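Peer 1: Input file: model.cif. Contents: mmCIF, C-alpha atoms and all ligand atoms.
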```cif
data_my_file
#
loop_
_atom_site.group_PDB
_atom_site.id
_atom_site.type_symbol
_atom_site.label_atom_id
_atom_site.label_comp_id
_atom_site.auth_asym_id
_atom_site.auth_seq_id
_atom_site.Cartn_x
_atom_site.Cartn_y
_atom_site.Cartn_z
ATOM 1 C CA MET A 1 -7.625 140.071 -36.409
ATOM 2 C CA THR A 2 -4.593 142.248 -37.163
ATOM 3 C CA GLU A 3 -4.419 144.718 -40.074
ATOM 4 C CA HIS A 4 -2.589 143.603 -43.203
ATOM 5 C CA GLU A 5 -1.031 145.345 -46.175
ATOM 6 C CA THR A 6 -0.717 142.588 -48.736
ATOM 7 C CA ILE A 7 -3.813 140.518 -48.045
ATOM 8 C CA ARG A 8 -7.458 141.023 -47.099
ATOM 9 C CA VAL A 9 -9.153 138.657 -44.723
ATOM 10 C CA GLU A 10 -12.906 138.127 -44.684
ATOM 11 C CA ARG A 11 -15.234 135.889 -42.707
ATOM 12 C CA GLN A 12 -18.574 134.487 -43.865
ATOM 13 C CA ASP A 13 -20.013 132.297 -41.118
ATOM 14 C CA ARG A 14 -17.591 129.364 -40.753
ATOM 15 C CA VAL A 15 -15.659 130.178 -43.940
ATOM 16 C CA ALA A 16 -12.588 132.422 -43.880
ATOM 17 C CA TRP A 17 -11.214 134.041 -47.033
ATOM 18 C CA ILE A 18 -7.638 135.121 -47.579
ATOM 19 C CA HIS A 19 -7.475 137.458 -50.591
ATOM 20 C CA LEU A 20 -3.931 137.993 -51.900
ATOM 21 C CA ASP A 21 -3.796 141.716 -52.584
ATOM 22 C CA ARG A 22 -0.651 143.090 -54.231
ATOM 23 C CA PRO A 23 -2.184 144.068 -57.568
ATOM 24 C CA GLU A 24 0.856 146.151 -58.571
ATOM 25 C CA ALA A 25 2.963 142.958 -58.667
ATOM 26 C CA LEU A 26 0.278 140.439 -59.714
ATOM 27 C CA ASN A 27 0.263 139.176 -56.115
ATOM 28 C CA ALA A 28 3.928 138.156 -56.234
ATOM 29 C CA LEU A 29 4.764 136.457 -52.958
ATOM 30 C CA ASN A 30 7.201 138.817 -51.254
ATOM 31 C CA ALA A 31 8.422 138.315 -47.695
ATOM 32 C CA GLN A 32 5.698 140.490 -46.212
ATOM 33 C CA LEU A 33 2.872 138.721 -48.038
ATOM 34 C CA MET A 34 4.303 135.389 -46.975
ATOM 35 C CA ARG A 35 4.469 136.479 -43.331
ATOM 36 C CA GLU A 36 0.926 137.814 -43.452
ATOM 37 C CA VAL A 37 -0.569 134.764 -45.167
ATOM 38 C CA VAL A 38 1.184 132.326 -42.852
ATOM 39 C CA ALA A 39 0.297 134.249 -39.676
ATOM 40 C CA VAL A 40 -3.371 134.558 -40.665
ATOM 41 C CA ALA A 41 -3.602 130.928 -41.732
ATOM 42 C CA LYS A 42 -2.276 129.868 -38.325
ATOM 43 C CA GLU A 43 -4.745 132.152 -36.514
ATOM 44 C CA LEU A 44 -7.641 130.763 -38.546
ATOM 45 C CA ASP A 45 -6.462 127.213 -37.959
ATOM 46 C CA ALA A 46 -6.599 127.802 -34.207
ATOM 47 C CA ASP A 47 -10.089 129.364 -34.347
ATOM 48 C CA ASP A 48 -12.822 126.758 -33.861
ATOM 49 C CA GLY A 49 -15.313 129.176 -35.423
ATOM 50 C CA VAL A 50 -13.642 128.528 -38.786
ATOM 51 C CA GLY A 51 -14.269 125.280 -40.655
ATOM 52 C CA ALA A 52 -12.644 125.980 -44.019
ATOM 53 C CA ILE A 53 -10.271 128.533 -45.521
ATOM 54 C CA VAL A 54 -10.311 129.852 -49.090
ATOM 55 C CA VAL A 55 -7.207 131.452 -50.596
ATOM 56 C CA THR A 56 -7.755 133.533 -53.707
ATOM 57 C CA GLY A 57 -6.157 136.304 -55.742
ATOM 58 C CA SER A 58 -7.544 138.660 -58.365
ATOM 59 C CA GLU A 59 -9.207 137.939 -61.673
ATOM 60 C CA ARG A 60 -5.858 138.543 -63.433
ATOM 61 C CA ALA A 61 -3.579 136.675 -61.071
ATOM 62 C CA PHE A 62 -3.794 134.206 -58.231
ATOM 63 C CA ALA A 63 -0.066 134.892 -57.816
ATOM 64 C CA ALA A 64 2.669 135.350 -60.417
ATOM 65 C CA GLY A 65 5.307 133.653 -58.270
ATOM 66 C CA ALA A 66 7.756 134.569 -55.602
ATOM 67 C CA ASP A 67 8.833 138.202 -55.868
ATOM 68 C CA ILE A 68 11.625 138.102 -58.453
ATOM 69 C CA LYS A 69 12.746 141.670 -57.740
ATOM 70 C CA GLU A 70 13.141 140.903 -54.045
ATOM 71 C CA MET A 71 15.215 137.767 -54.713
ATOM 72 C CA ALA A 72 17.237 138.884 -57.730
ATOM 73 C CA THR A 73 20.472 139.981 -56.028
ATOM 74 C CA LYS A 74 20.474 137.578 -53.095
ATOM 75 C CA SER A 75 23.183 135.021 -52.361
ATOM 76 C CA THR A 76 22.642 131.386 -51.417
ATOM 77 C CA ALA A 77 23.351 132.205 -47.756
ATOM 78 C CA GLU A 78 20.863 135.066 -47.802
ATOM 79 C CA MET A 79 18.160 132.932 -49.422
ATOM 80 C CA ARG A 80 18.727 130.182 -46.868
ATOM 81 C CA ALA A 81 18.470 132.693 -44.021
ATOM 82 C CA ASP A 82 15.221 134.129 -45.393
ATOM 83 C CA GLY A 83 12.949 131.499 -43.852
ATOM 84 C CA HIS A 84 10.754 131.193 -46.950
ATOM 85 C CA PHE A 85 10.826 127.468 -46.818
ATOM 86 C CA ASP A 86 9.963 126.959 -43.150
ATOM 87 C CA ALA A 87 7.247 129.610 -43.288
ATOM 88 C CA TRP A 88 5.461 127.998 -46.213
ATOM 89 C CA LEU A 89 5.778 124.617 -44.508
ATOM 90 C CA GLU A 90 3.726 126.104 -41.690
ATOM 91 C CA PHE A 91 1.059 127.099 -44.195
ATOM 92 C CA ALA A 92 1.027 123.591 -45.642
ATOM 93 C CA ASP A 93 0.664 122.251 -42.087
ATOM 94 C CA VAL A 94 -2.714 123.950 -41.541
ATOM 95 C CA GLU A 95 -4.999 121.204 -40.241
ATOM 96 C CA LYS A 96 -8.258 122.532 -41.678
ATOM 97 C CA PRO A 97 -9.348 122.187 -45.296
ATOM 98 C CA VAL A 98 -7.851 124.905 -47.486
ATOM 99 C CA ILE A 99 -9.265 125.677 -50.918
ATOM 100 C CA ALA A 100 -7.375 127.608 -53.578
ATOM 101 C CA ALA A 101 -9.706 129.560 -55.895
ATOM 102 C CA VAL A 102 -7.441 130.313 -58.839
ATOM 103 C CA SER A 103 -8.125 132.824 -61.579
ATOM 104 C CA GLY A 104 -5.504 134.104 -64.015
ATOM 105 C CA TYR A 105 -1.803 133.430 -63.444
ATOM 106 C CA ALA A 106 -0.672 130.829 -60.922
ATOM 107 C CA LEU A 107 3.003 130.721 -61.808
ATOM 108 C CA GLY A 108 6.063 129.623 -59.857
ATOM 109 C CA GLY A 109 5.433 130.134 -56.156
ATOM 110 C CA GLY A 110 1.801 130.965 -57.005
ATOM 111 C CA CYS A 111 1.316 127.525 -58.517
ATOM 112 C CA GLU A 112 3.184 126.028 -55.565
ATOM 113 C CA LEU A 113 0.929 127.862 -53.109
ATOM 114 C CA ALA A 114 -2.117 126.413 -54.879
ATOM 115 C CA LEU A 115 -0.521 122.964 -54.671
ATOM 116 C CA MET A 116 -0.211 123.381 -50.876
ATOM 117 C CA CYS A 117 -4.009 123.650 -50.698
ATOM 118 C CA ASP A 118 -6.283 120.613 -50.431
ATOM 119 C CA ILE A 119 -8.650 121.540 -53.224
ATOM 120 C CA ILE A 120 -7.856 123.704 -56.242
ATOM 121 C CA LEU A 121 -10.826 125.254 -58.027
ATOM 122 C CA ALA A 122 -9.689 126.917 -61.231
ATOM 123 C CA ALA A 123 -11.436 129.503 -63.357
ATOM 124 C CA ASP A 124 -11.436 128.548 -67.029
ATOM 125 C CA THR A 125 -9.046 131.508 -67.488
ATOM 126 C CA ALA A 126 -6.465 130.147 -65.032
ATOM 127 C CA THR A 127 -2.917 129.493 -66.213
ATOM 128 C CA PHE A 128 -0.519 127.345 -64.236
ATOM 129 C CA GLY A 129 3.200 126.882 -64.642
ATOM 130 C CA LEU A 130 6.553 126.490 -62.952
ATOM 131 C CA PRO A 131 8.780 128.706 -65.123
ATOM 132 C CA GLU A 132 11.688 128.837 -62.656
ATOM 133 C CA VAL A 133 14.290 127.095 -64.838
ATOM 134 C CA GLY A 134 13.956 130.066 -67.172
ATOM 135 C CA LEU A 135 15.095 132.303 -64.309
ATOM 136 C CA GLY A 136 18.086 130.136 -63.456
ATOM 137 C CA VAL A 137 16.435 128.522 -60.439
ATOM 138 C CA ILE A 138 13.969 125.722 -59.684
ATOM 139 C CA PRO A 139 10.612 125.625 -57.895
ATOM 140 C CA GLY A 140 11.492 126.215 -54.251
ATOM 141 C CA ILE A 141 8.359 125.951 -52.152
ATOM 142 C CA GLY A 142 7.225 122.463 -52.967
ATOM 143 C CA GLY A 143 6.698 122.451 -56.734
ATOM 144 C CA THR A 144 9.080 119.627 -57.583
ATOM 145 C CA GLN A 145 7.601 117.459 -54.835
ATOM 146 C CA ARG A 146 3.897 118.250 -54.934
ATOM 147 C CA LEU A 147 3.535 118.414 -58.725
ATOM 148 C CA VAL A 148 5.208 115.022 -59.126
ATOM 149 C CA ARG A 149 2.841 113.588 -56.506
ATOM 150 C CA ALA A 150 -0.187 115.290 -58.078
ATOM 151 C CA VAL A 151 0.293 114.460 -61.757
ATOM 152 C CA GLY A 152 3.040 111.819 -61.858
ATOM 153 C CA TYR A 153 6.673 112.134 -62.911
ATOM 154 C CA PRO A 154 6.448 112.302 -66.727
ATOM 155 C CA LYS A 155 3.893 115.135 -66.791
ATOM 156 C CA ALA A 156 5.565 117.018 -63.962
ATOM 157 C CA ALA A 157 8.946 116.649 -65.624
ATOM 158 C CA GLU A 158 7.633 118.054 -68.882
ATOM 159 C CA ILE A 159 6.038 121.012 -67.109
ATOM 160 C CA ILE A 160 8.991 121.801 -64.831
ATOM 161 C CA LEU A 161 11.829 121.187 -67.311
ATOM 162 C CA THR A 162 10.224 123.172 -70.122
ATOM 163 C CA GLY A 163 8.683 125.813 -67.859
ATOM 164 C CA ARG A 164 5.682 125.900 -70.189
ATOM 165 C CA ARG A 165 2.284 127.146 -69.125
ATOM 166 C CA VAL A 166 -0.664 124.846 -68.544
ATOM 167 C CA GLY A 167 -4.210 126.063 -69.215
ATOM 168 C CA ALA A 168 -7.118 125.280 -66.924
ATOM 169 C CA GLU A 169 -8.559 122.522 -69.094
ATOM 170 C CA GLU A 170 -5.276 120.635 -69.293
ATOM 171 C CA ALA A 171 -4.672 121.249 -65.589
ATOM 172 C CA GLU A 172 -7.940 119.494 -64.807
ATOM 173 C CA ARG A 173 -7.255 116.651 -67.253
ATOM 174 C CA ILE A 174 -3.879 115.835 -65.692
ATOM 175 C CA GLY A 175 -5.072 116.172 -62.100
ATOM 176 C CA LEU A 176 -3.273 119.393 -61.245
ATOM 177 C CA VAL A 177 -6.587 120.989 -60.221
ATOM 178 C CA SER A 178 -9.717 119.551 -58.642
ATOM 179 C CA ARG A 179 -12.226 121.221 -60.959
ATOM 180 C CA VAL A 180 -12.605 124.018 -63.522
ATOM 181 C CA VAL A 181 -15.491 126.463 -63.348
ATOM 182 C CA ALA A 182 -16.524 129.488 -65.404
ATOM 183 C CA ALA A 183 -14.446 132.506 -64.384
ATOM 184 C CA ASP A 184 -17.459 134.547 -63.327
ATOM 185 C CA ALA A 185 -18.685 131.729 -61.067
ATOM 186 C CA LEU A 186 -15.345 130.995 -59.383
ATOM 187 C CA LEU A 187 -15.798 132.839 -56.093
ATOM 188 C CA GLU A 188 -19.403 131.784 -55.684
ATOM 189 C CA GLU A 189 -18.488 128.170 -56.324
ATOM 190 C CA ALA A 190 -15.501 128.327 -53.963
ATOM 191 C CA GLY A 191 -17.779 129.819 -51.311
ATOM 192 C CA LYS A 192 -20.306 127.011 -51.785
ATOM 193 C CA VAL A 193 -17.682 124.285 -51.611
ATOM 194 C CA ALA A 194 -16.102 125.871 -48.537
ATOM 195 C CA ALA A 195 -19.451 126.357 -46.776
ATOM 196 C CA GLY A 196 -20.391 122.746 -47.506
ATOM 197 C CA ILE A 197 -17.118 121.565 -45.987
ATOM 198 C CA ALA A 198 -17.329 123.936 -43.022
ATOM 199 C CA ALA A 199 -20.773 122.554 -42.145
ATOM 200 C CA LYS A 200 -19.237 119.115 -41.612
ATOM 201 C CA SER A 201 -17.718 118.008 -38.310
ATOM 202 C CA LEU A 202 -14.417 119.799 -37.720
ATOM 203 C CA PRO A 203 -12.741 116.902 -35.862
ATOM 204 C CA ALA A 204 -13.681 114.635 -38.775
ATOM 205 C CA LEU A 205 -12.302 117.119 -41.317
ATOM 206 C CA ARG A 206 -9.032 117.402 -39.405
ATOM 207 C CA ALA A 207 -8.756 113.622 -39.162
ATOM 208 C CA ALA A 208 -9.512 113.139 -42.861
ATOM 209 C CA LYS A 209 -6.877 115.685 -43.848
ATOM 210 C CA ALA A 210 -4.264 114.184 -41.520
ATOM 211 C CA ALA A 211 -4.935 110.713 -42.893
ATOM 212 C CA MET A 212 -4.746 111.920 -46.512
ATOM 213 C CA ASP A 213 -1.524 113.809 -45.778
ATOM 214 C CA ALA A 214 -0.077 110.547 -44.474
ATOM 215 C CA ALA A 215 -0.833 108.909 -47.825
ATOM 216 C CA LEU A 216 1.802 111.211 -49.353
ATOM 217 C CA GLU A 217 4.372 110.540 -46.672
ATOM 218 C CA VAL A 218 4.317 107.000 -45.320
ATOM 219 C CA PRO A 219 4.183 103.372 -46.547
ATOM 220 C CA LEU A 220 0.681 101.904 -47.073
ATOM 221 C CA THR A 221 0.653 99.707 -43.963
ATOM 222 C CA GLU A 222 1.586 102.666 -41.793
ATOM 223 C CA GLY A 223 -0.994 104.870 -43.522
ATOM 224 C CA LEU A 224 -3.733 102.288 -42.987
ATOM 225 C CA ALA A 225 -2.822 102.038 -39.298
ATOM 226 C CA LEU A 226 -2.929 105.815 -38.989
ATOM 227 C CA GLU A 227 -6.302 105.920 -40.731
ATOM 228 C CA ALA A 228 -7.740 103.277 -38.359
ATOM 229 C CA GLU A 229 -6.368 105.212 -35.385
ATOM 230 C CA ARG A 230 -7.941 108.472 -36.541
ATOM 231 C CA PHE A 231 -11.219 106.714 -37.472
ATOM 232 C CA THR A 232 -11.660 105.036 -34.102
ATOM 233 C CA GLY A 233 -10.429 108.180 -32.320
ATOM 234 C CA LEU A 234 -13.520 110.022 -33.576
ATOM 235 C CA PHE A 235 -15.872 107.718 -31.656
ATOM 236 C CA ASP A 236 -15.292 109.722 -28.477
ATOM 237 C CA THR A 237 -16.409 112.980 -30.112
ATOM 238 C CA ALA A 238 -19.797 114.625 -29.639
ATOM 239 C CA ASP A 239 -20.005 115.058 -33.418
ATOM 240 C CA GLN A 240 -19.767 111.328 -34.139
ATOM 241 C CA LYS A 241 -22.644 110.669 -31.727
ATOM 242 C CA GLU A 242 -24.660 113.521 -33.253
ATOM 243 C CA GLY A 243 -23.855 112.591 -36.860
ATOM 244 C CA MET A 244 -24.908 108.980 -36.464
ATOM 245 C CA ALA A 245 -27.957 109.836 -34.319
ATOM 246 C CA ALA A 246 -29.096 112.343 -36.956
ATOM 247 C CA PHE A 247 -28.846 109.648 -39.616
ATOM 248 C CA SER A 248 -31.073 107.279 -37.625
ATOM 249 C CA GLU A 249 -33.519 110.074 -36.848
ATOM 250 C CA LYS A 250 -33.623 111.125 -40.513
ATOM 251 C CA ARG A 251 -32.597 114.732 -39.835
ATOM 252 C CA GLU A 252 -29.623 116.996 -40.537
ATOM 253 C CA PRO A 253 -26.837 116.809 -37.931
ATOM 254 C CA ARG A 254 -26.195 119.769 -35.631
ATOM 255 C CA PHE A 255 -22.449 119.561 -35.144
ATOM 256 C CA GLN A 256 -20.700 121.209 -32.231
ATOM 257 C CA HIS A 257 -17.330 120.742 -33.944
ATOM 258 C CA ARG A 258 -15.914 118.821 -31.001
HETATM 259 C C1 LIG A 301 7.926 140.499 -59.019
HETATM 260 C C2 LIG A 301 6.310 140.671 -60.640
HETATM 261 C C3 LIG A 301 6.216 139.264 -60.732
HETATM 262 C C4 LIG A 301 7.052 138.493 -59.884
HETATM 263 C C5 LIG A 301 4.838 140.124 -62.145
HETATM 264 N N1 LIG A 301 5.441 141.150 -61.532
HETATM 265 N N2 LIG A 301 5.296 138.966 -61.671
HETATM 266 N N3 LIG A 301 7.150 141.269 -59.788
HETATM 267 N N4 LIG A 301 7.887 139.148 -59.050
HETATM 268 N N5 LIG A 301 7.011 137.164 -59.860
HETATM 269 C C6 LIG A 301 5.214 142.568 -61.754
HETATM 270 C C7 LIG A 301 5.842 143.038 -63.063
HETATM 271 O O1 LIG A 301 7.225 143.292 -62.879
HETATM 272 C C8 LIG A 301 5.056 144.288 -63.352
HETATM 273 O O2 LIG A 301 5.518 145.323 -62.534
HETATM 274 C C9 LIG A 301 3.660 143.904 -62.855
HETATM 275 O O3 LIG A 301 3.827 142.840 -61.932
HETATM 276 C C10 LIG A 301 2.736 143.446 -63.962
HETATM 277 O O4 LIG A 301 3.389 142.410 -64.665
HETATM 278 P P1 LIG A 301 3.654 142.435 -66.255
HETATM 279 O O5 LIG A 301 4.790 141.516 -66.519
HETATM 280 O O6 LIG A 301 3.768 143.832 -66.743
HETATM 281 O O7 LIG A 301 2.284 141.813 -66.764
HETATM 282 P P2 LIG A 301 2.044 140.903 -68.052
HETATM 283 O O8 LIG A 301 2.784 141.453 -69.235
HETATM 284 O O9 LIG A 301 0.559 140.750 -68.151
HETATM 285 O O10 LIG A 301 2.696 139.501 -67.708
HETATM 286 C C11 LIG A 301 2.196 138.739 -66.663
HETATM 287 C C12 LIG A 301 3.189 137.559 -66.341
HETATM 288 C C13 LIG A 301 4.585 138.135 -66.085
HETATM 289 C C14 LIG A 301 3.215 136.587 -67.506
HETATM 290 C C15 LIG A 301 2.625 136.834 -65.103
HETATM 291 O O11 LIG A 301 4.480 139.194 -65.124
HETATM 292 C C16 LIG A 301 5.565 137.134 -65.568
HETATM 293 O O12 LIG A 301 6.095 136.328 -66.330
HETATM 294 N N6 LIG A 301 5.845 137.178 -64.263
HETATM 295 C C17 LIG A 301 6.851 136.323 -63.664
HETATM 296 C C18 LIG A 301 6.376 134.881 -63.557
HETATM 297 C C19 LIG A 301 7.450 133.986 -62.957
HETATM 298 O O13 LIG A 301 8.512 133.795 -63.588
HETATM 299 N N7 LIG A 301 7.231 133.460 -61.768
HETATM 300 C C20 LIG A 301 8.191 132.605 -61.071
HETATM 301 C C21 LIG A 301 8.973 133.432 -60.077
HETATM 302 S S1 LIG A 301 10.222 132.485 -59.257
HETATM 303 P P3 LIG A 301 5.979 146.732 -63.191
HETATM 304 O O14 LIG A 301 6.463 147.513 -62.003
HETATM 305 O O15 LIG A 301 6.995 146.420 -64.209
HETATM 306 O O16 LIG A 301 4.693 147.268 -63.778
HETATM 307 C C22 LIG A 301 9.391 131.636 -58.047
HETATM 308 C C23 LIG A 301 10.223 130.750 -57.147
HETATM 309 C C24 LIG A 301 9.465 130.174 -55.999
HETATM 310 O O17 LIG A 301 8.217 131.733 -57.918
HETATM 311 C C25 LIG A 301 10.372 129.724 -54.850
HETATM 312 C C26 LIG A 301 10.448 130.732 -53.735
HETATM 313 C C27 LIG A 301 11.374 130.444 -52.610
#
```
Rewrite the structure from the file as structure tokens, please.
Peer 2:
Amino acid sequence: MTEHETIRVERQDRVAWIHLDRPEALNALNAQLMREVVAVAKELDADDGVGAIVVTGSERAFAAGADIKEMATKSTAEMRADGHFDAWLEFADVEKPVIAAVSGYALGGGCELALMCDIILAADTATFGLPEVGLGVIPGIGGTQRLVRAVGYPKAAEIILTGRRVGAEEAERIGLVSRVVAADALLEEAGKVAAGIAAKSLPALRAAKAAMDAALEVPLTEGLALEAERFTGLFDTADQKEGMAAFSEKREPRFQHR
């Protein structure tokens, strides 16, 4: 895997970790960090030795947003030419399960990056928010869309239009995060969740994620048809045969991830 300046990448068996690593800017998402995260995520997605990806930051900040200093003097045309939006779409298109392990600030683009992940585990010290209207802009990498889908319009509207911060406990109560854990247990817990997922059949994980993604995009009838298609499609995989044989034989499955 290539060397990076703004992230660190680690592998533990079938789990890959992407550590955001720009401590001097609280992991603000500048163009380089975005390029590195997206490129690595795509590499890991294509690697059948990886079953789940964890994205995390530091204790103080998951990410404090897009890099304000980098954007401050740009024009509309320059922002549109930047490719921020398409690049992050590629991250959101990763087919494997992605877990955000969030400690400290997850503001603006940092909160939006967490919302691109399938599961958000939050330390009890985590703080979420979309403060963009206070900077004269709006959330730009999915916040207005994914927060509304995650927590419903009235809550999302209150959070986005006031720009207020949301603590971990409230974030869990409203469905913005999957679960809150003690700060000192965050990485261990994220590792456990990721390893548990990565031990499951990879074709099944991909199919489950694709079907769930469809739930956010298409009408119910179409989503149900897509689910049935993906469900039946798994019956020609080695893992389905192994998984169901293991059940009958009262043993753990040995998946080949194909
Ligand atoms: C650039 C940032 C930054 C950011 C922090 N820093 N956030 N630099 N972009 N988003 C830098 C600070 O300038 C400072 O650098 C250093 O990180 C430490 O931050 P402090 O502010 O000194 O720390 P603290 O007082 O603890 O406050 C932490 C904070 C605050 C509350 C998180 O930094 C903050 O409000 N950050 C901005 C949050 C935000 O508005 N995010 C939304 C961005 S817009 P120096 O060199 O001064 O020490 C966005 C749009 C997404 O995300 C759409 C993209 C297309």
Peer 1: Listed atoms of segment 107-126 of chain A, axis-aligned box, 4 Å per side: centre and edge lengths to one decimal in Å, as AutoDock Vina command-line options?
Peer 2:
```
--center_x -2.7 --center_y 126.1 --center_z -59.0 --size_x 25.5 --size_y 18.9 --size_z 25.1
```
Peer 1: List the neighbours of Gly152 of chain A out to 10 Å using all atoms listed in the file; skip same-chain residues closer than 6 positions along the sequence, and give me the result as a list in words.
Peer 2: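 After dropping sequence-adjacent residues, the list is Arg146, Ile174, Gly175 and Leu176 of chain A.
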Peer 1: So, with all atoms listed in the file as the atoms that count, which of A:Arg179, A:Arg80, A:Lys250, A:Arg206 lies closest to Pro97 of chain A?
Peer 2: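 Looking only at the distances to Pro97 of chain A, the closest residue turns out to be A:Arg206.
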Peer 1: Apply the PyMOL selection byres (((not hetatm)) within 8 of (chain A and resi 301)) to the file shown and report the selected residues as a ChimeraX atom specification.
Peer 2: /A:23-30,61,63-70,79,84-85,105,107-110,112,130-132,134-135,137-141
Peer 1: Calculated over only C-alpha atoms, which of the candidates A:Phe62, A:Phe91, A:Trp17, A:Tyr153 has the smallest distance to Ala126 of chain A?
Peer 2: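 Closest to Ala126 of chain A, using only C-alpha atoms: A:Phe62.
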